[in-house]
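Peer 1: Take a look at the following structure, please.
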Amino acid sequence: MNLNQPLPENKGSGHVLILSSVVFASFMWKLDSTIVNISLPTITEYFQTSTAVVSRIILAYLLASTTTLLFFGRLGDRIGHRRVFLWGYIIFTWSSLLCGVSWDIHSLVFFRFIQGTGCAMLVTSAYAIIPLFVPKKKIGSAFGLMSTSLALGLAIGAPVGALILSHLSWQWIFLINIPFGIAAILVTKKAMGGSKDTQVNTRAEKAGFDWTGVLLSMLGLSLFVYAVNSAQSYGWGSPLLFGLLVVSIVLLVLFVWREKHCEAPMLDLRIFRNKRFMLAAIAMFFGFFLLGGNFFLLPFYLELAKGIGTSTVGYLFMMYAFVVFVAAPFAGWLSDRVNPGLLCTAAMFSGTLCCLVFALTLQVPGIMSVTVFMAWMAFSMSLFASPNSSQAMQCAPPELQGVASGLFNMINTLGQMLGVLAFEAVFSQLVPEGKTILTGSGGSHEASLLFKGFKGVYFFAGFVCLLSMAFSFALLITGKKNKA
């Protein structure tokens, strides 16, 4: 049995089990990227360390889950995506246990890196598995479920973390993953039917593996991610930061050169010739750019500018998750029946209007404007994310599903990270006193200054939506030309 051969539609149980594991993996990936944040003050006090050191818990996870995506995508093309997926669950579950029993801050940071590696294996394989194993007429719905799980994990991470910390120790932030991870491993093994895995790309296996490309890409991406994440600490004018960025760019240029001349490249550059895939990936980049920046800055607006309590903020984010929970599966179902490019274009047009309206109603008393904004944005992003993912992965040729998945997810993750930095930079540029205010030490005039800064930020957010809409529209036009 070839485990990377799509399952026949009359054998539905196999793809249902696989899809269940995939959806849960997506949920855990995003949940573990946010649930830990709320425990950082507790961990800082427990290990008697500094905030700079404890921030490495987040950075290690981000580095691992970003820089290994291409590697595991290519590995899945060679040895089989379900094999990589299963081992991703095993590594994620085992590293969660190790994080929970860490004896010092350094061991916790190291095990957190391993956990991020497991998540990278899961999410890269997940995107590749859906078009390979799910019946074609259900692919859009499958990506809709994935989008739902991603949004839910991102939205409920902080509330779940707070609930655990209020009743248990910080170790349970990690230990809670173990029973769920074991259950997911058993479900995935059952779906595999006990057969041995095989790879899709036989030619790549015979040609060997590009270990030089692996090293160059991981080093280049690691330095780039570290430099971007450290920009606020070092300052954009720092010689050290400039040096890190230059070295990372040089390494990435060498990586591209290597891939052009390698017999079995880790990143098959043919994927860049696929215009429709790249348009979808760039559109998603700006969509996640908006998502990352909004999720970072919105809590500051709600708590400091609007004076909303932390518990109410948690309920608002839960409402966002609820809208996604309802809308994302519908969007996936709809993308199986309506041109996904049309849905993505309409979604980002809706997002643009949403941001502009919010920018103009920031100072309206009460929480009605905020509630409308979050529900509207959740609907817009739901209508965009799953159709975009569906058409992107269906554009990629079967033998490049892993490469496409790794590249697609890496672009999304970088979009989120750069969105955080860009939104903060726009706010700081408009409100020089912003850093003082955001730490809670501003003066009596802080509210008016905050409204000024947030208004500019959400006008900027509307522009970002327009960019995503433009690439989605270009994808729509390209699709129509191809059909003609």
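Every chain in the structure tokens takes a letter, A first, then B, and so on in the order presented; its residues are numbered from 1, and the ligands are numbered from 1 following the presented order.
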Excluding stretch 180-189 of chain A and any residue of its chain fewer than 2 positions from it, enumerate the residues within 10 Å of it, using only C-alpha atoms, and give them as number ranges by chain.

Peer 2: A: 14, 17-22, 24-25, 28, 82-83, 85-94, 96, 175-178, 191-195

Peer 1: Contacts of stretch 408-418 of chain A at 8 Å or less, counting only C-alpha atoms, minus same-chain residues fewer than 5 places along, as a PyMOL selection string?

Peer 2: chain A and resi 66-67+69-70+123-124+228-229+281-282+284-293

Peer 1: Please, what distance in Å, to one decimal, runs between atom CA of A:Leu221 and atom CA of A:Ser125?

Peer 2: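 Those two atoms sit 19.8 Å apart.
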
Peer 1: Step one, run DSSP on the backbone; step two, keep only residues of stretch 86-317 of chain A assigned to helix (DSSP H, G or I); then write them as JSON, numbers by chain.

Peer 2: {"A": [86, 87, 88, 89, 90, 91, 92, 93, 94, 95, 96, 97, 98, 99, 100, 105, 106, 107, 108, 109, 110, 111, 112, 113, 114, 115, 116, 117, 118, 119, 120, 121, 122, 123, 124, 125, 126, 127, 128, 129, 130, 131, 132, 133, 136, 137, 138, 139, 140, 141, 142, 143, 144, 145, 146, 147, 148, 149, 150, 151, 152, 153, 154, 155, 156, 157, 158, 159, 160, 161, 162, 163, 164, 165, 166, 167, 172, 173, 174, 175, 177, 178, 179, 180, 181, 182, 183, 184, 185, 186, 187, 188, 189, 190, 191, 192, 202, 203, 204, 205, 206, 207, 211, 212, 213, 214, 215, 216, 217, 218, 219, 220, 221, 222, 223, 224, 225, 226, 227, 228, 229, 231, 232, 233, 234, 239, 240, 241, 242, 243, 244, 245, 246, 247, 248, 249, 250, 251, 252, 253, 254, 255, 256, 257, 258, 259, 260, 261, 269, 270, 271, 272, 273, 275, 276, 277, 278, 279, 280, 281, 282, 283, 284, 285, 286, 287, 288, 289, 290, 291, 292, 293, 294, 295, 296, 297, 298, 299, 300, 301, 302, 303, 304, 305, 310, 311, 312, 313, 314, 315, 316, 317]}

Peer 1: Between atom CA of A:Val160 and atom CA of A:Ser102, what is the distance, to one decimal in Å?

Peer 2: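 For atom CA of A:Val160 relative to atom CA of A:Ser102, the distance reads 21.2 Å.
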
Peer 1: Report as an MDAnalysis selection string all protein, DNA and RNA residues lying within 10 Å of stretch 250-253 of chain A, evaluated on only C-alpha atoms, omitting residues in the same chain fewer than 3 positions from it.

Peer 2: chainID A and resid 213 215:221 223:224 244:247 256:259

Peer 1: At what distance in Å, to one decimal, does atom CA of A:Lys275 lie from atom CA of A:Cys395?

Peer 2: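 Here the two named atoms are 9.0 Å from each other.
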
Peer 1: So that I can check the surroundings of A:Ser26, please list as a ChimeraX atom specification every protein, DNA and RNA residue that reaches within 9 Å of it, counting only C-alpha atoms and ignoring chain neighbours fewer than 3 positions away.

Peer 2: /A:21-23,29-31,119,122-123,126,146-147,149-150,153

Peer 1: Would you save the residues from that selection as a PDB file, in the first residue's frame, using N, CA, C and O atoms?

Peer 2:
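The resulting file, part_15.pdb, is reproduced below:
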ATOM      1  N   SER A  21      -6.642  13.971  12.762  1.00  0.00           N
ATOM      2  CA  SER A  21      -5.293  14.195  13.292  1.00  0.00           C
ATOM      3  C   SER A  21      -4.706  15.499  12.786  1.00  0.00           C
ATOM      4  O   SER A  21      -4.051  16.235  13.524  1.00  0.00           O
ATOM      5  N   VAL A  22      -4.929  15.787  11.501  1.00  0.00           N
ATOM      6  CA  VAL A  22      -4.400  17.011  10.897  1.00  0.00           C
ATOM      7  C   VAL A  22      -4.999  18.249  11.557  1.00  0.00           C
ATOM      8  O   VAL A  22      -4.292  19.207  11.888  1.00  0.00           O
ATOM      9  N   VAL A  23      -6.317  18.236  11.735  1.00  0.00           N
ATOM     10  CA  VAL A  23      -6.994  19.382  12.343  1.00  0.00           C
ATOM     11  C   VAL A  23      -6.509  19.594  13.774  1.00  0.00           C
ATOM     12  O   VAL A  23      -6.240  20.729  14.195  1.00  0.00           O
ATOM     13  N   TRP A  29      -0.571  23.382  17.348  1.00  0.00           N
ATOM     14  CA  TRP A  29       0.524  24.251  16.898  1.00  0.00           C
ATOM     15  C   TRP A  29       0.278  25.689  17.339  1.00  0.00           C
ATOM     16  O   TRP A  29       1.158  26.341  17.917  1.00  0.00           O
ATOM     17  N   LYS A  30      -0.893  26.204  17.053  1.00  0.00           N
ATOM     18  CA  LYS A  30      -1.192  27.587  17.410  1.00  0.00           C
ATOM     19  C   LYS A  30      -1.433  27.761  18.904  1.00  0.00           C
ATOM     20  O   LYS A  30      -1.061  28.778  19.490  1.00  0.00           O
ATOM     21  N   LEU A  31      -2.063  26.761  19.530  1.00  0.00           N
ATOM     22  CA  LEU A  31      -2.300  26.846  20.966  1.00  0.00           C
ATOM     23  C   LEU A  31      -0.975  26.966  21.718  1.00  0.00           C
ATOM     24  O   LEU A  31      -0.826  27.809  22.606  1.00  0.00           O
ATOM     25  N   CYS A 119       6.367  20.550  16.094  1.00  0.00           N
ATOM     26  CA  CYS A 119       5.243  21.287  15.512  1.00  0.00           C
ATOM     27  C   CYS A 119       5.480  21.586  14.038  1.00  0.00           C
ATOM     28  O   CYS A 119       4.545  21.539  13.230  1.00  0.00           O
ATOM     29  N   LEU A 122       4.628  18.591  12.112  1.00  0.00           N
ATOM     30  CA  LEU A 122       3.176  18.397  12.047  1.00  0.00           C
ATOM     31  C   LEU A 122       2.523  19.309  11.016  1.00  0.00           C
ATOM     32  O   LEU A 122       1.762  18.857  10.157  1.00  0.00           O
ATOM     33  N   VAL A 123       2.814  20.601  11.112  1.00  0.00           N
ATOM     34  CA  VAL A 123       2.075  21.554  10.286  1.00  0.00           C
ATOM     35  C   VAL A 123       2.483  21.460   8.821  1.00  0.00           C
ATOM     36  O   VAL A 123       1.649  21.592   7.921  1.00  0.00           O
ATOM     37  N   ALA A 126       0.832  18.412   7.515  1.00  0.00           N
ATOM     38  CA  ALA A 126      -0.621  18.577   7.514  1.00  0.00           C
ATOM     39  C   ALA A 126      -1.109  19.218   6.217  1.00  0.00           C
ATOM     40  O   ALA A 126      -2.076  18.748   5.595  1.00  0.00           O
ATOM     41  N   MET A 146      -9.193  23.170   9.008  1.00  0.00           N
ATOM     42  CA  MET A 146      -7.855  23.546   9.464  1.00  0.00           C
ATOM     43  C   MET A 146      -7.806  25.004   9.891  1.00  0.00           C
ATOM     44  O   MET A 146      -7.208  25.355  10.920  1.00  0.00           O
ATOM     45  N   SER A 147      -8.406  25.872   9.107  1.00  0.00           N
ATOM     46  CA  SER A 147      -8.436  27.296   9.452  1.00  0.00           C
ATOM     47  C   SER A 147      -9.159  27.523  10.772  1.00  0.00           C
ATOM     48  O   SER A 147      -8.759  28.349  11.586  1.00  0.00           O
ATOM     49  N   SER A 149      -9.360  25.363  13.263  1.00  0.00           N
ATOM     50  CA  SER A 149      -8.499  24.890  14.350  1.00  0.00           C
ATOM     51  C   SER A 149      -7.345  25.847  14.609  1.00  0.00           C
ATOM     52  O   SER A 149      -6.965  26.085  15.763  1.00  0.00           O
ATOM     53  N   LEU A 150      -6.766  26.424  13.551  1.00  0.00           N
ATOM     54  CA  LEU A 150      -5.679  27.395  13.718  1.00  0.00           C
ATOM     55  C   LEU A 150      -6.153  28.622  14.488  1.00  0.00           C
ATOM     56  O   LEU A 150      -5.490  29.086  15.422  1.00  0.00           O
ATOM     57  N   GLY A 153      -6.927  27.768  18.190  1.00  0.00           N
ATOM     58  CA  GLY A 153      -5.703  27.629  18.974  1.00  0.00           C
ATOM     59  C   GLY A 153      -5.078  28.969  19.288  1.00  0.00           C
ATOM     60  O   GLY A 153      -4.623  29.220  20.411  1.00  0.00           O
TER      61      GLY A 153
END

Peer 1: Need the shell around A:Thr148: protein/DNA/RNA residues with any atom at most 6 Å away, counting only C-alpha atoms. Skip same-chain ones fewer than 5 positions apart. Format as JSON, numbers by chain?

Peer 2: {"A": [324, 325, 328]}

Peer 1: So that I have them on file, write out the residues from the current selection with all heavy atoms, as a PDB file, in the first residue's frame.

Peer 2:
ATOM      1  N   VAL A 324     -14.993  32.486  14.003  1.00  0.00           N
ATOM      2  CA  VAL A 324     -14.161  31.670  13.115  1.00  0.00           C
ATOM      3  C   VAL A 324     -14.646  30.223  13.111  1.00  0.00           C
ATOM      4  O   VAL A 324     -14.689  29.567  12.070  1.00  0.00           O
ATOM      5  CB  VAL A 324     -12.677  31.747  13.545  1.00  0.00           C
ATOM      6  CG1 VAL A 324     -11.834  30.757  12.744  1.00  0.00           C
ATOM      7  CG2 VAL A 324     -12.143  33.155  13.361  1.00  0.00           C
ATOM      8  N   PHE A 325     -15.013  29.741  14.290  1.00  0.00           N
ATOM      9  CA  PHE A 325     -15.486  28.366  14.424  1.00  0.00           C
ATOM     10  C   PHE A 325     -16.708  28.122  13.538  1.00  0.00           C
ATOM     11  O   PHE A 325     -16.860  27.043  12.953  1.00  0.00           O
ATOM     12  CB  PHE A 325     -15.831  28.089  15.889  1.00  0.00           C
ATOM     13  CG  PHE A 325     -16.310  26.694  16.155  1.00  0.00           C
ATOM     14  CD1 PHE A 325     -15.408  25.648  16.254  1.00  0.00           C
ATOM     15  CD2 PHE A 325     -17.661  26.429  16.315  1.00  0.00           C
ATOM     16  CE1 PHE A 325     -15.848  24.351  16.498  1.00  0.00           C
ATOM     17  CE2 PHE A 325     -18.111  25.139  16.563  1.00  0.00           C
ATOM     18  CZ  PHE A 325     -17.199  24.107  16.651  1.00  0.00           C
ATOM     19  N   ALA A 328     -15.380  29.563   9.311  1.00  0.00           N
ATOM     20  CA  ALA A 328     -14.317  28.911   8.544  1.00  0.00           C
ATOM     21  C   ALA A 328     -14.776  27.630   7.843  1.00  0.00           C
ATOM     22  O   ALA A 328     -14.473  27.437   6.660  1.00  0.00           O
ATOM     23  CB  ALA A 328     -13.111  28.641   9.437  1.00  0.00           C
TER      24      ALA A 328
END

Peer 1: Pick out the closest residue to A:Thr361 from this set: A:Phe459, A:Pro299, A:Ser65, A:Leu430. Count only C-alpha atoms.

Peer 2: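 Among the listed residues, A:Phe459 lies closest to A:Thr361.
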
Peer 1: For A:Asn274, list every protein, DNA or RNA residue within 12 Å, evaluated using only C-alpha atoms, and leave out those in the same chain fewer than 6 positions away; present the list as a list in words.

Peer 2: Asp268, Ala280, Ala281, Ala392, Met393, Gln394, Cys395, Ala396, Pro397, Leu400, Ala404, Leu475 and Thr478 of chain A
